[in-house]
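Structure record follows, encoded as structure tokens.
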Amino acid sequence: MKKHYNEKWLSPLYRGIMLSVALLFASTLAMAQLSGTYTINSASSTSGTNFASFGDLATALSKSGVSAAVTVNVVKSSGPYAERVEFGPASGASASNTITINGNGETIVNTTDASTIEFNSADYFTIDNLKIEAQGTGTGVRVLHFWNGANYNTVSDCELIVSKYTGTSNSTGYVVWSASKTGNSANAHGSHNTIKGNKMWNGGTSSAVGPYYAVCEYGSSSYSGTTGNNQILDNDIMDFYYYGMYFYYANGYKIEGNKIHKARSGTSYSYVTYLYYGQTTTNQLSFSNNEIYDINLSAGYMYLYTYYCSGSSSMPVKFDDNKIHDNSVGYYLYNYLGYYAQNVSLQRNKIYNNYAGYYLYNLYMCYYSQNPVIKDNEVYSNEAGYYVYGMGGYYATNAIMERNSVHDNTAGYGVYGYYIYYMSGDFINNTYYNNKGDYYNYGMLGGYTQTTLNVCHNTFILDDDVTYYNYGMYLYMYYTFTEVNVKNNIIVVTADAGSSYYNYVMYTPYNYQDMNIENNDIYVKNSSTNYYYTNTTNTSLAQFATSIGNTTNIEVDPKFMDLSKGNIIPTNPEIANYGQPGYAAEDYAKKKRTACGPDLGAFEFTIDHSASNFTFSGTNECGGYMEAVTFDFTNGSTVDMKN
């Protein structure tokens, strides 16, 4: 009988070899790293260079990684994609081996109470031109969520939509960084990510729809020095419930070029910014070039709030070039409130056409800030039921407040132009005019300085009648100080106070003889009783001069070019070149001042006098000869010249 010994032992071996080869081949296919161009198209299965869904792409990237740059094009008209996707780490991804998803305007929609797209330790992803919608109605609804160290990702030119959420959970948002998958917690959640050119909104649904946060980066003191450097740039942001920008123990972030407007209805408090313990490390912290407008809270409060956000002398925290306008609240509006900040720049901001039912605060650096620079800001045409506060350096050390303007504001009780209690530093080239308070009008409130303060080259005009008091400069220097200079200012009071009240043009009840109140033009022309207050009331400039111990201040009409149109450049040559040198190299318009005798007030001005047609009677003038000369003189000012 024939026996087939070889078949018995070779067949299993053959089958094993063939199975191993097949598995090796399949494994090689599965592990091939991605590179080049791919598509997402729901009309085709996942094979070759196509993925049927975003989830299939995420799985392939997670399993296989990349060996070169990857571009994925979402096929036009292939959506919407009903899914949520979590991108994890893709091995091989780097600054050169990036992963780019071009959305082509297609839509991904998530109906669960979770994030639509998550970046979980995912690096170097870019998503462009995709409509990303979160339709959940419960806790945890987010559009984008970065966590567990997701770095160097970009989401640009997309629509980020929360279309059905009407609750108030603080675990909801358009863009959220945190350490936890489900809530706000601190850890190394992600850095160097960019959110740029997106529209964040509710998709046009009810005004009561939208997330708790627009953007939230949630950290802790343990990680404030190691995480951050995320950027929110050029986005259109609206329909948030409580916070526009919430950055908690984050560093180096840039929030620039955004339009932030139209908070969700039913909101009582709206923090457009809540920047808490922001740090400047390798990157400069900035909230700049943003436009904030059309936030209407009929019975609420609005804040732009910073707390312990500090920079360095070489990298100050920037709050520059913002426009804040046409917002309306029922109670309090804080257009900038900065607490305990060091090295902060507040420059070239414009705040206008806002309304508050009670109090309206603008650009207030408060409580123990150091080295703030508050320059070239303009606060105008705002209104409050009670008080409008222009700008402040309250408890600010070594502050520079220069070339700012507060004008044409209206308040039911009073307008406070500049509030500089406990401030040291320079208050120079600032203007105040055409403001209207029913009861009070304060050009400047200062006092309690204990080191050095220069109040120089400012122009304050109080031209609106009030029921109670006008105060030009209120200088309550209760404590002794190193040096206080009040020089080269123009203070004009043409308004009347109430019949039983007064205009306090200069109010200096303490240490007035130690202040250098010199070379100011203090012009008063009205029917009210006018006071220059020292240890008692002085009813004339002459009495005030005797009390303070110098006679260098004058009382001359500056003859402004056109106050009604805001042109407050003087034309009267009597006050030209009357100032003391050394307090401002440039004027309000950055024009170089005369070094030896600068003009008073915020502006240098030129009087165009001319002389011509000189006539000499003699024809042969020898040495030592003298004769009368005639000439034509043209007075270029609006003031009659004398002598």
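FYI, nothing fancy with the structure tokens labels: chains A, B, ... in order, residues from 1 per chain, ligands from 1 as they appear.
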Using only C-alpha atoms, which protein or nucleic acid residues come within 6 Å of Ile237 (chain A)? Drop anything in the same chain fewer than 3 positions from it, and give the result as a ChimeraX atom specification. /A:200,259-260
Tell me, as JSON, numbers by chain, which residues lie within 6 Å of Ala356 (chain A), counting only C-alpha atoms; anything in the same chain fewer than 3 positions away does not count. {"A": [328, 329, 330, 331, 332, 333, 359, 360, 384]}
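CA of Phe631 (chain A) to CA of Ser612 (chain A) spans 5.8 Å [interatomic distance, one decimal].
Near Ser540 (chain A), within 9 Å and counting only C-alpha atoms, sit Asn530, Tyr531, Tyr532 and Ala545 of chain A, not including residues fewer than 5 positions from it in the same chain.
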Kindly export the residues of the current selection with all heavy atoms, as a PDB file, in the first residue's frame.
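Result saved to again.pdb:
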ATOM      1  N   ASN A 530     -16.207 131.483  41.304  1.00  0.00           N
ATOM      2  CA  ASN A 530     -15.112 130.597  40.921  1.00  0.00           C
ATOM      3  C   ASN A 530     -14.108 130.475  42.050  1.00  0.00           C
ATOM      4  O   ASN A 530     -13.745 131.468  42.673  1.00  0.00           O
ATOM      5  CB  ASN A 530     -14.413 131.149  39.680  1.00  0.00           C
ATOM      6  CG  ASN A 530     -15.406 131.410  38.578  1.00  0.00           C
ATOM      7  OD1 ASN A 530     -16.107 130.506  38.163  1.00  0.00           O
ATOM      8  ND2 ASN A 530     -15.479 132.652  38.119  1.00  0.00           N
ATOM      9  N   TYR A 531     -13.644 129.284  42.279  1.00  0.00           N
ATOM     10  CA  TYR A 531     -12.733 129.047  43.382  1.00  0.00           C
ATOM     11  C   TYR A 531     -11.426 128.419  42.909  1.00  0.00           C
ATOM     12  O   TYR A 531     -11.402 127.544  42.035  1.00  0.00           O
ATOM     13  CB  TYR A 531     -13.365 128.106  44.413  1.00  0.00           C
ATOM     14  CG  TYR A 531     -14.410 128.751  45.271  1.00  0.00           C
ATOM     15  CD1 TYR A 531     -15.675 128.194  45.370  1.00  0.00           C
ATOM     16  CD2 TYR A 531     -14.135 129.911  45.991  1.00  0.00           C
ATOM     17  CE1 TYR A 531     -16.650 128.776  46.179  1.00  0.00           C
ATOM     18  CE2 TYR A 531     -15.096 130.491  46.788  1.00  0.00           C
ATOM     19  CZ  TYR A 531     -16.353 129.927  46.880  1.00  0.00           C
ATOM     20  OH  TYR A 531     -17.320 130.506  47.670  1.00  0.00           O
ATOM     21  N   TYR A 532     -10.363 128.880  43.524  1.00  0.00           N
ATOM     22  CA  TYR A 532      -9.078 128.197  43.493  1.00  0.00           C
ATOM     23  C   TYR A 532      -8.859 127.799  44.952  1.00  0.00           C
ATOM     24  O   TYR A 532      -8.605 128.656  45.795  1.00  0.00           O
ATOM     25  CB  TYR A 532      -7.966 129.125  43.024  1.00  0.00           C
ATOM     26  CG  TYR A 532      -8.240 129.776  41.696  1.00  0.00           C
ATOM     27  CD1 TYR A 532      -9.074 130.886  41.602  1.00  0.00           C
ATOM     28  CD2 TYR A 532      -7.656 129.283  40.545  1.00  0.00           C
ATOM     29  CE1 TYR A 532      -9.322 131.484  40.393  1.00  0.00           C
ATOM     30  CE2 TYR A 532      -7.899 129.885  39.316  1.00  0.00           C
ATOM     31  CZ  TYR A 532      -8.739 130.984  39.249  1.00  0.00           C
ATOM     32  OH  TYR A 532      -8.977 131.583  38.036  1.00  0.00           O
ATOM     33  N   ALA A 545      -2.430 132.766  43.673  1.00  0.00           N
ATOM     34  CA  ALA A 545      -0.988 132.960  43.519  1.00  0.00           C
ATOM     35  C   ALA A 545      -0.333 133.272  44.865  1.00  0.00           C
ATOM     36  O   ALA A 545       0.739 132.756  45.195  1.00  0.00           O
ATOM     37  CB  ALA A 545      -0.715 134.073  42.517  1.00  0.00           C
TER      38      ALA A 545
END
Please list as an NGL selection string every residue within 12 Å of Gly425 (chain A), counting only C-alpha atoms and excluding residues in the same chain fewer than 2 positions away. :A and (370-374 or 393-402 or 420-423 or 427-428 or 449-456 or 482-485 or 583)
Neighbour list for Pro211 (chain A) as an mmCIF file with all heavy atoms, in the first residue's frame, cut-off 8 Å, only C-alpha atoms, skip fewer than 4 positions in-chain:
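The resulting out.cif:
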data_model
loop_
_atom_site.group_PDB
_atom_site.id
_atom_site.type_symbol
_atom_site.label_atom_id
_atom_site.label_comp_id
_atom_site.auth_asym_id
_atom_site.auth_seq_id
_atom_site.Cartn_x
_atom_site.Cartn_y
_atom_site.Cartn_z
ATOM 1 N N VAL A 141 -21.218 70.040 24.831
ATOM 2 C CA VAL A 141 -21.301 70.390 23.413
ATOM 3 C C VAL A 141 -20.159 71.345 23.058
ATOM 4 O O VAL A 141 -20.043 72.436 23.621
ATOM 5 C CB VAL A 141 -22.661 71.042 23.084
ATOM 6 C CG1 VAL A 141 -22.672 71.538 21.654
ATOM 7 C CG2 VAL A 141 -23.781 70.046 23.307
ATOM 8 N N ARG A 142 -19.320 70.931 22.148
ATOM 9 C CA ARG A 142 -18.211 71.751 21.679
ATOM 10 C C ARG A 142 -18.015 71.513 20.189
ATOM 11 O O ARG A 142 -18.326 70.438 19.673
ATOM 12 C CB ARG A 142 -16.919 71.383 22.413
ATOM 13 C CG ARG A 142 -16.962 71.665 23.909
ATOM 14 C CD ARG A 142 -15.834 70.961 24.633
ATOM 15 N NE ARG A 142 -15.799 71.332 26.043
ATOM 16 C CZ ARG A 142 -15.035 70.738 26.944
ATOM 17 N NH1 ARG A 142 -14.230 69.761 26.596
ATOM 18 N NH2 ARG A 142 -15.053 71.136 28.203
ATOM 19 N N VAL A 162 -22.580 76.144 16.815
ATOM 20 C CA VAL A 162 -23.359 75.486 17.866
ATOM 21 C C VAL A 162 -24.802 75.891 17.618
ATOM 22 O O VAL A 162 -25.186 77.035 17.865
ATOM 23 C CB VAL A 162 -22.888 75.907 19.265
ATOM 24 C CG1 VAL A 162 -23.819 75.350 20.343
ATOM 25 C CG2 VAL A 162 -21.458 75.443 19.514
ATOM 26 N N TYR A 165 -27.877 74.452 21.232
ATOM 27 C CA TYR A 165 -27.656 74.491 22.672
ATOM 28 C C TYR A 165 -28.228 75.777 23.275
ATOM 29 O O TYR A 165 -27.864 76.882 22.881
ATOM 30 C CB TYR A 165 -26.165 74.387 22.993
ATOM 31 C CG TYR A 165 -25.898 74.344 24.477
ATOM 32 C CD1 TYR A 165 -26.136 73.190 25.211
ATOM 33 C CD2 TYR A 165 -25.447 75.470 25.148
ATOM 34 C CE1 TYR A 165 -25.915 73.146 26.578
ATOM 35 C CE2 TYR A 165 -25.217 75.434 26.518
ATOM 36 C CZ TYR A 165 -25.470 74.272 27.228
ATOM 37 O OH TYR A 165 -25.260 74.239 28.574
ATOM 38 N N THR A 166 -29.090 75.642 24.270
ATOM 39 C CA THR A 166 -29.687 76.801 24.939
ATOM 40 C C THR A 166 -29.396 76.818 26.438
ATOM 41 O O THR A 166 -29.909 77.672 27.156
ATOM 42 C CB THR A 166 -31.213 76.817 24.739
ATOM 43 O OG1 THR A 166 -31.769 75.597 25.266
ATOM 44 C CG2 THR A 166 -31.571 76.928 23.263
ATOM 45 N N GLY A 167 -28.582 75.885 26.929
ATOM 46 C CA GLY A 167 -28.284 75.805 28.348
ATOM 47 C C GLY A 167 -27.174 76.753 28.766
ATOM 48 O O GLY A 167 -26.764 77.649 28.019
ATOM 49 N N THR A 168 -26.663 76.555 29.977
ATOM 50 C CA THR A 168 -25.648 77.454 30.531
ATOM 51 C C THR A 168 -24.481 76.683 31.129
ATOM 52 O O THR A 168 -23.819 77.162 32.047
ATOM 53 C CB THR A 168 -26.268 78.372 31.596
ATOM 54 O OG1 THR A 168 -26.829 77.571 32.646
ATOM 55 C CG2 THR A 168 -27.340 79.260 30.997
ATOM 56 N N THR A 172 -19.292 73.965 27.547
ATOM 57 C CA THR A 172 -19.648 74.136 26.137
ATOM 58 C C THR A 172 -18.863 75.297 25.533
ATOM 59 O O THR A 172 -18.542 76.270 26.217
ATOM 60 C CB THR A 172 -21.157 74.403 25.980
ATOM 61 O OG1 THR A 172 -21.499 75.602 26.701
ATOM 62 C CG2 THR A 172 -21.982 73.246 26.539
ATOM 63 N N GLY A 173 -18.567 75.194 24.238
ATOM 64 C CA GLY A 173 -17.823 76.269 23.599
ATOM 65 C C GLY A 173 -17.583 75.990 22.125
ATOM 66 O O GLY A 173 -17.717 74.855 21.653
ATOM 67 N N TYR A 174 -17.218 77.026 21.408
ATOM 68 C CA TYR A 174 -16.790 76.834 20.020
ATOM 69 C C TYR A 174 -15.403 76.193 19.981
ATOM 70 O O TYR A 174 -15.162 75.239 19.258
ATOM 71 C CB TYR A 174 -16.743 78.166 19.274
ATOM 72 C CG TYR A 174 -18.070 78.848 19.087
ATOM 73 C CD1 TYR A 174 -18.306 80.110 19.636
ATOM 74 C CD2 TYR A 174 -19.092 78.250 18.355
ATOM 75 C CE1 TYR A 174 -19.519 80.759 19.469
ATOM 76 C CE2 TYR A 174 -20.316 78.889 18.181
ATOM 77 C CZ TYR A 174 -20.525 80.145 18.739
ATOM 78 O OH TYR A 174 -21.729 80.781 18.570
ATOM 79 N N ASP A 239 -22.818 85.123 19.380
ATOM 80 C CA ASP A 239 -23.772 84.158 19.947
ATOM 81 C C ASP A 239 -23.216 83.358 21.119
ATOM 82 O O ASP A 239 -23.662 82.241 21.376
ATOM 83 C CB ASP A 239 -24.277 83.183 18.865
ATOM 84 C CG ASP A 239 -24.962 83.889 17.713
ATOM 85 O OD1 ASP A 239 -25.677 84.862 17.966
ATOM 86 O OD2 ASP A 239 -24.761 83.469 16.552
ATOM 87 N N PHE A 240 -22.264 83.909 21.879
ATOM 88 C CA PHE A 240 -21.785 83.230 23.084
ATOM 89 C C PHE A 240 -22.617 83.695 24.274
ATOM 90 O O PHE A 240 -23.145 84.799 24.288
ATOM 91 C CB PHE A 240 -20.295 83.508 23.318
ATOM 92 C CG PHE A 240 -19.942 84.967 23.378
ATOM 93 C CD1 PHE A 240 -19.940 85.650 24.578
ATOM 94 C CD2 PHE A 240 -19.621 85.660 22.223
ATOM 95 C CE1 PHE A 240 -19.621 86.994 24.638
ATOM 96 C CE2 PHE A 240 -19.300 87.011 22.266
ATOM 97 C CZ PHE A 240 -19.299 87.683 23.475
ATOM 98 N N TYR A 241 -22.695 82.855 25.289
ATOM 99 C CA TYR A 241 -23.572 83.174 26.421
ATOM 100 C C TYR A 241 -22.869 84.015 27.487
ATOM 101 O O TYR A 241 -23.377 85.053 27.894
ATOM 102 C CB TYR A 241 -24.096 81.885 27.055
ATOM 103 C CG TYR A 241 -24.949 82.124 28.286
ATOM 104 C CD1 TYR A 241 -26.226 82.661 28.161
ATOM 105 C CD2 TYR A 241 -24.479 81.841 29.562
ATOM 106 C CE1 TYR A 241 -27.010 82.906 29.282
ATOM 107 C CE2 TYR A 241 -25.248 82.079 30.687
ATOM 108 C CZ TYR A 241 -26.514 82.609 30.545
ATOM 109 O OH TYR A 241 -27.280 82.855 31.647
#
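If you measure from each of A:Val388, A:Ala299, A:Leu337, A:Val175 to Ser268 (chain A) using only C-alpha atoms, the closest one turns out to be A:Ala299.
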Between A:Tyr504, A:Tyr588, A:Tyr512, A:Tyr418, which residue has the minimum interatomic distance to Ile568 (chain A), considering only C-alpha atoms?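 Under the stated criterion, the closest residue is A:Tyr588.
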Who sits within 6 Å of Val109 (chain A), only C-alpha atoms, same chain under 5 positions skipped, as a ChimeraX atom specification: /A:82-83,133
Requested write-out: all heavy atoms of the selected residues, as a tab-separated table (two decimals), in the first residue's frame:
chain	number	residue	atom	x	y	z
A	82	ALA	N	-22.35	62.96	8.86
A	82	ALA	CA	-22.97	62.88	10.18
A	82	ALA	C	-22.07	62.03	11.08
A	82	ALA	O	-22.20	60.80	11.13
A	82	ALA	CB	-24.36	62.29	10.09
A	83	GLU	N	-21.14	62.67	11.76
A	83	GLU	CA	-20.21	61.95	12.62
A	83	GLU	C	-19.48	62.93	13.53
A	83	GLU	O	-19.54	64.14	13.34
A	83	GLU	CB	-19.18	61.18	11.77
A	83	GLU	CG	-18.39	62.06	10.82
A	83	GLU	CD	-17.36	61.28	10.01
A	83	GLU	OE1	-16.66	60.42	10.59
A	83	GLU	OE2	-17.25	61.55	8.80
A	133	GLU	N	-20.24	71.56	12.68
A	133	GLU	CA	-21.44	71.90	13.45
A	133	GLU	C	-21.63	70.94	14.62
A	133	GLU	O	-21.48	69.72	14.48
A	133	GLU	CB	-22.67	71.86	12.55
A	133	GLU	CG	-23.95	72.31	13.25
A	133	GLU	CD	-25.12	72.47	12.30
A	133	GLU	OE1	-24.91	72.41	11.07
A	133	GLU	OE2	-26.25	72.67	12.80
List the neighbours of Gln342 (chain A) out to 8 Å using only C-alpha atoms; skip same-chain residues closer than 4 positions along the sequence, and give me the result as an MDAnalysis selection string. chainID A and resid 308:312 316 369:372
Expected file contents, prior selection, all heavy atoms, as an mmCIF file, in the first residue's frame:
data_model
loop_
_atom_site.group_PDB
_atom_site.id
_atom_site.type_symbol
_atom_site.label_atom_id
_atom_site.label_comp_id
_atom_site.auth_asym_id
_atom_site.auth_seq_id
_atom_site.Cartn_x
_atom_site.Cartn_y
_atom_site.Cartn_z
ATOM 1 N N TYR A 308 -3.960 90.176 36.912
ATOM 2 C CA TYR A 308 -2.588 89.691 37.015
ATOM 3 C C TYR A 308 -2.049 89.218 35.659
ATOM 4 O O TYR A 308 -1.372 88.188 35.569
ATOM 5 C CB TYR A 308 -2.474 88.566 38.043
ATOM 6 C CG TYR A 308 -2.245 89.053 39.453
ATOM 7 C CD1 TYR A 308 -3.240 88.955 40.411
ATOM 8 C CD2 TYR A 308 -1.024 89.604 39.826
ATOM 9 C CE1 TYR A 308 -3.034 89.390 41.714
ATOM 10 C CE2 TYR A 308 -0.805 90.047 41.129
ATOM 11 C CZ TYR A 308 -1.817 89.945 42.067
ATOM 12 O OH TYR A 308 -1.603 90.383 43.354
ATOM 13 N N CYS A 309 -2.347 89.939 34.614
ATOM 14 C CA CYS A 309 -1.736 89.659 33.316
ATOM 15 C C CYS A 309 -0.517 90.561 33.179
ATOM 16 O O CYS A 309 -0.660 91.785 33.086
ATOM 17 C CB CYS A 309 -2.715 89.917 32.182
ATOM 18 S SG CYS A 309 -4.054 88.714 32.115
ATOM 19 N N SER A 310 0.654 89.979 33.185
ATOM 20 C CA SER A 310 1.875 90.762 33.273
ATOM 21 C C SER A 310 2.846 90.410 32.158
ATOM 22 O O SER A 310 2.965 89.252 31.759
ATOM 23 C CB SER A 310 2.563 90.523 34.628
ATOM 24 O OG SER A 310 1.740 90.976 35.681
ATOM 25 N N GLY A 311 3.526 91.443 31.696
ATOM 26 C CA GLY A 311 4.557 91.251 30.704
ATOM 27 C C GLY A 311 5.912 91.635 31.263
ATOM 28 O O GLY A 311 6.113 91.735 32.470
ATOM 29 N N SER A 312 6.848 91.877 30.366
ATOM 30 C CA SER A 312 8.177 92.323 30.741
ATOM 31 C C SER A 312 8.438 93.653 30.054
ATOM 32 O O SER A 312 7.666 94.096 29.201
ATOM 33 C CB SER A 312 9.223 91.287 30.318
ATOM 34 O OG SER A 312 9.251 91.152 28.906
ATOM 35 N N PRO A 316 5.848 93.815 26.702
ATOM 36 C CA PRO A 316 4.678 94.170 27.514
ATOM 37 C C PRO A 316 3.418 93.481 27.012
ATOM 38 O O PRO A 316 3.310 93.129 25.826
ATOM 39 C CB PRO A 316 4.586 95.691 27.322
ATOM 40 C CG PRO A 316 5.238 95.937 26.001
ATOM 41 C CD PRO A 316 6.333 94.930 25.879
ATOM 42 N N SER A 369 -0.875 98.376 39.557
ATOM 43 C CA SER A 369 -0.219 98.093 38.284
ATOM 44 C C SER A 369 1.105 98.842 38.238
ATOM 45 O O SER A 369 1.243 99.925 38.815
ATOM 46 C CB SER A 369 -1.104 98.501 37.114
ATOM 47 O OG SER A 369 -1.367 99.887 37.162
ATOM 48 N N GLN A 370 2.067 98.276 37.533
ATOM 49 C CA GLN A 370 3.381 98.888 37.425
ATOM 50 C C GLN A 370 3.758 99.076 35.963
ATOM 51 O O GLN A 370 3.498 98.216 35.122
ATOM 52 C CB GLN A 370 4.440 98.013 38.112
ATOM 53 C CG GLN A 370 4.228 97.861 39.602
ATOM 54 C CD GLN A 370 5.312 97.017 40.250
ATOM 55 O OE1 GLN A 370 6.383 96.825 39.702
ATOM 56 N NE2 GLN A 370 5.033 96.502 41.439
ATOM 57 N N ASN A 371 4.313 100.222 35.675
ATOM 58 C CA ASN A 371 4.841 100.560 34.352
ATOM 59 C C ASN A 371 3.805 100.477 33.228
ATOM 60 O O ASN A 371 4.126 100.050 32.121
ATOM 61 C CB ASN A 371 6.025 99.644 33.996
ATOM 62 C CG ASN A 371 7.062 99.590 35.089
ATOM 63 O OD1 ASN A 371 7.468 100.608 35.629
ATOM 64 N ND2 ASN A 371 7.492 98.378 35.428
ATOM 65 N N PRO A 372 2.564 100.877 33.457
ATOM 66 C CA PRO A 372 1.621 100.877 32.328
ATOM 67 C C PRO A 372 1.896 102.050 31.391
ATOM 68 O O PRO A 372 2.306 103.127 31.820
ATOM 69 C CB PRO A 372 0.261 101.038 33.016
ATOM 70 C CG PRO A 372 0.572 101.823 34.249
ATOM 71 C CD PRO A 372 1.929 101.357 34.698
#
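Taking CA of Lys350 (chain A) and CA of Met302 (chain A) as endpoints, the distance between them is 17.0 Å.
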Write out as a compact mmCIF listing (two decimals) with N, CA and C atoms, in the first residue's frame all residues of region 159-267 of chain A that DSSP puts in strand (DSSP E or B) for this structure's backbone.
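Output file out-v3.txt is given in full below:
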# COMPACT_ATOMS: atom_id res chain seq x y z
N GLU A 159 -16.54 77.44 9.34
CA GLU A 159 -17.67 77.84 10.17
C GLU A 159 -17.73 76.90 11.36
N LEU A 160 -17.72 77.49 12.55
CA LEU A 160 -17.81 76.72 13.78
C LEU A 160 -19.17 77.03 14.39
N ILE A 161 -20.06 76.03 14.40
CA ILE A 161 -21.47 76.29 14.66
C ILE A 161 -21.95 75.46 15.86
N VAL A 162 -22.58 76.14 16.81
CA VAL A 162 -23.36 75.49 17.87
C VAL A 162 -24.80 75.89 17.62
N GLY A 173 -18.57 75.19 24.24
CA GLY A 173 -17.82 76.27 23.60
C GLY A 173 -17.58 75.99 22.12
N TYR A 174 -17.22 77.03 21.41
CA TYR A 174 -16.79 76.83 20.02
C TYR A 174 -15.40 76.19 19.98
N VAL A 175 -14.48 76.76 20.77
CA VAL A 175 -13.10 76.26 20.80
C VAL A 175 -12.67 76.16 22.26
N VAL A 176 -12.24 74.96 22.66
CA VAL A 176 -11.86 74.74 24.06
C VAL A 176 -10.53 74.00 24.13
N TRP A 177 -9.63 74.52 24.98
CA TRP A 177 -8.42 73.79 25.37
C TRP A 177 -8.60 73.38 26.82
N SER A 191 -0.41 73.66 22.72
CA SER A 191 0.23 74.95 22.50
C SER A 191 0.51 75.16 21.02
N THR A 194 -3.43 77.58 16.11
CA THR A 194 -3.93 78.80 15.50
C THR A 194 -5.37 78.60 15.03
N ILE A 195 -6.24 79.50 15.48
CA ILE A 195 -7.64 79.51 15.04
C ILE A 195 -7.82 80.82 14.28
N LYS A 196 -7.95 80.74 12.97
CA LYS A 196 -7.83 81.95 12.15
C LYS A 196 -8.91 82.04 11.08
N LYS A 199 -15.73 81.76 11.25
CA LYS A 199 -16.97 82.35 11.72
C LYS A 199 -17.54 81.46 12.80
N MET A 200 -17.66 82.00 14.02
CA MET A 200 -18.20 81.26 15.15
C MET A 200 -19.58 81.79 15.45
N TRP A 201 -20.62 80.96 15.25
CA TRP A 201 -21.98 81.45 15.43
C TRP A 201 -22.93 80.28 15.60
N TYR A 213 -18.90 79.45 26.33
CA TYR A 213 -17.69 80.14 25.90
C TYR A 213 -17.68 80.26 24.39
N ALA A 214 -17.09 81.35 23.91
CA ALA A 214 -16.67 81.34 22.51
C ALA A 214 -15.35 80.59 22.44
N VAL A 215 -14.34 81.08 23.17
CA VAL A 215 -13.03 80.43 23.19
C VAL A 215 -12.59 80.31 24.65
N CYS A 216 -12.11 79.14 25.03
CA CYS A 216 -11.66 78.91 26.40
C CYS A 216 -10.35 78.14 26.40
N GLU A 217 -9.36 78.71 27.07
CA GLU A 217 -8.13 77.95 27.36
C GLU A 217 -8.01 77.86 28.87
N TYR A 218 -8.16 76.66 29.38
CA TYR A 218 -8.24 76.44 30.82
C TYR A 218 -6.97 75.77 31.31
N GLY A 228 0.55 77.08 26.20
CA GLY A 228 0.04 78.33 25.66
C GLY A 228 0.55 78.62 24.28
N GLN A 231 -3.14 81.05 19.26
CA GLN A 231 -3.50 82.29 18.59
C GLN A 231 -4.95 82.23 18.11
N ILE A 232 -5.68 83.33 18.38
CA ILE A 232 -7.05 83.49 17.91
C ILE A 232 -7.03 84.73 17.02
N LEU A 233 -7.07 84.55 15.71
CA LEU A 233 -6.79 85.64 14.78
C LEU A 233 -7.90 85.80 13.76
N ASP A 236 -14.70 85.95 13.21
CA ASP A 236 -15.98 86.63 13.43
C ASP A 236 -16.72 85.82 14.49
N ILE A 237 -16.90 86.41 15.69
CA ILE A 237 -17.34 85.65 16.86
C ILE A 237 -18.62 86.26 17.41
N TYR A 243 -18.87 84.08 28.20
CA TYR A 243 -17.49 84.53 27.96
C TYR A 243 -17.18 84.53 26.46
N GLY A 244 -16.60 85.64 26.01
CA GLY A 244 -16.06 85.66 24.67
C GLY A 244 -14.70 84.98 24.65
N MET A 245 -13.75 85.52 25.41
CA MET A 245 -12.41 84.95 25.51
C MET A 245 -12.10 84.67 26.98
N TYR A 246 -11.94 83.41 27.32
CA TYR A 246 -11.62 83.00 28.69
C TYR A 246 -10.27 82.30 28.66
N PHE A 247 -9.24 82.99 29.18
CA PHE A 247 -7.90 82.41 29.21
C PHE A 247 -7.44 82.40 30.67
N TYR A 248 -7.30 81.20 31.21
CA TYR A 248 -7.07 81.00 32.64
C TYR A 248 -5.72 80.32 32.82
N ASN A 251 -0.32 81.29 28.77
CA ASN A 251 0.73 82.25 28.46
C ASN A 251 0.88 82.48 26.97
N LYS A 254 -2.19 85.14 21.63
CA LYS A 254 -2.49 86.30 20.80
C LYS A 254 -3.95 86.25 20.40
N ILE A 255 -4.69 87.29 20.77
CA ILE A 255 -6.09 87.43 20.37
C ILE A 255 -6.14 88.71 19.55
N GLU A 256 -6.09 88.60 18.25
CA GLU A 256 -5.89 89.77 17.41
C GLU A 256 -6.77 89.72 16.16
N LYS A 259 -13.55 90.11 15.26
CA LYS A 259 -14.79 90.85 15.47
C LYS A 259 -15.61 90.07 16.48
N ILE A 260 -15.90 90.72 17.61
CA ILE A 260 -16.63 90.07 18.70
C ILE A 260 -17.91 90.87 18.92
N HIS A 261 -19.04 90.24 18.72
CA HIS A 261 -20.30 91.00 18.76
C HIS A 261 -21.47 90.07 19.00
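Of the residues listed (A:Phe87, A:Tyr242, A:Phe603, A:Trp147), A:Phe87 shows the shortest atom-to-atom separation from Ile127 (chain A); distances use only C-alpha atoms.
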Atomic distance CA of Tyr507 (chain A) - CA of Thr431 (chain A), expressed in Å with one decimal: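 We find that CA of Tyr507 (chain A) and CA of Thr431 (chain A) lie 18.5 Å from each other.
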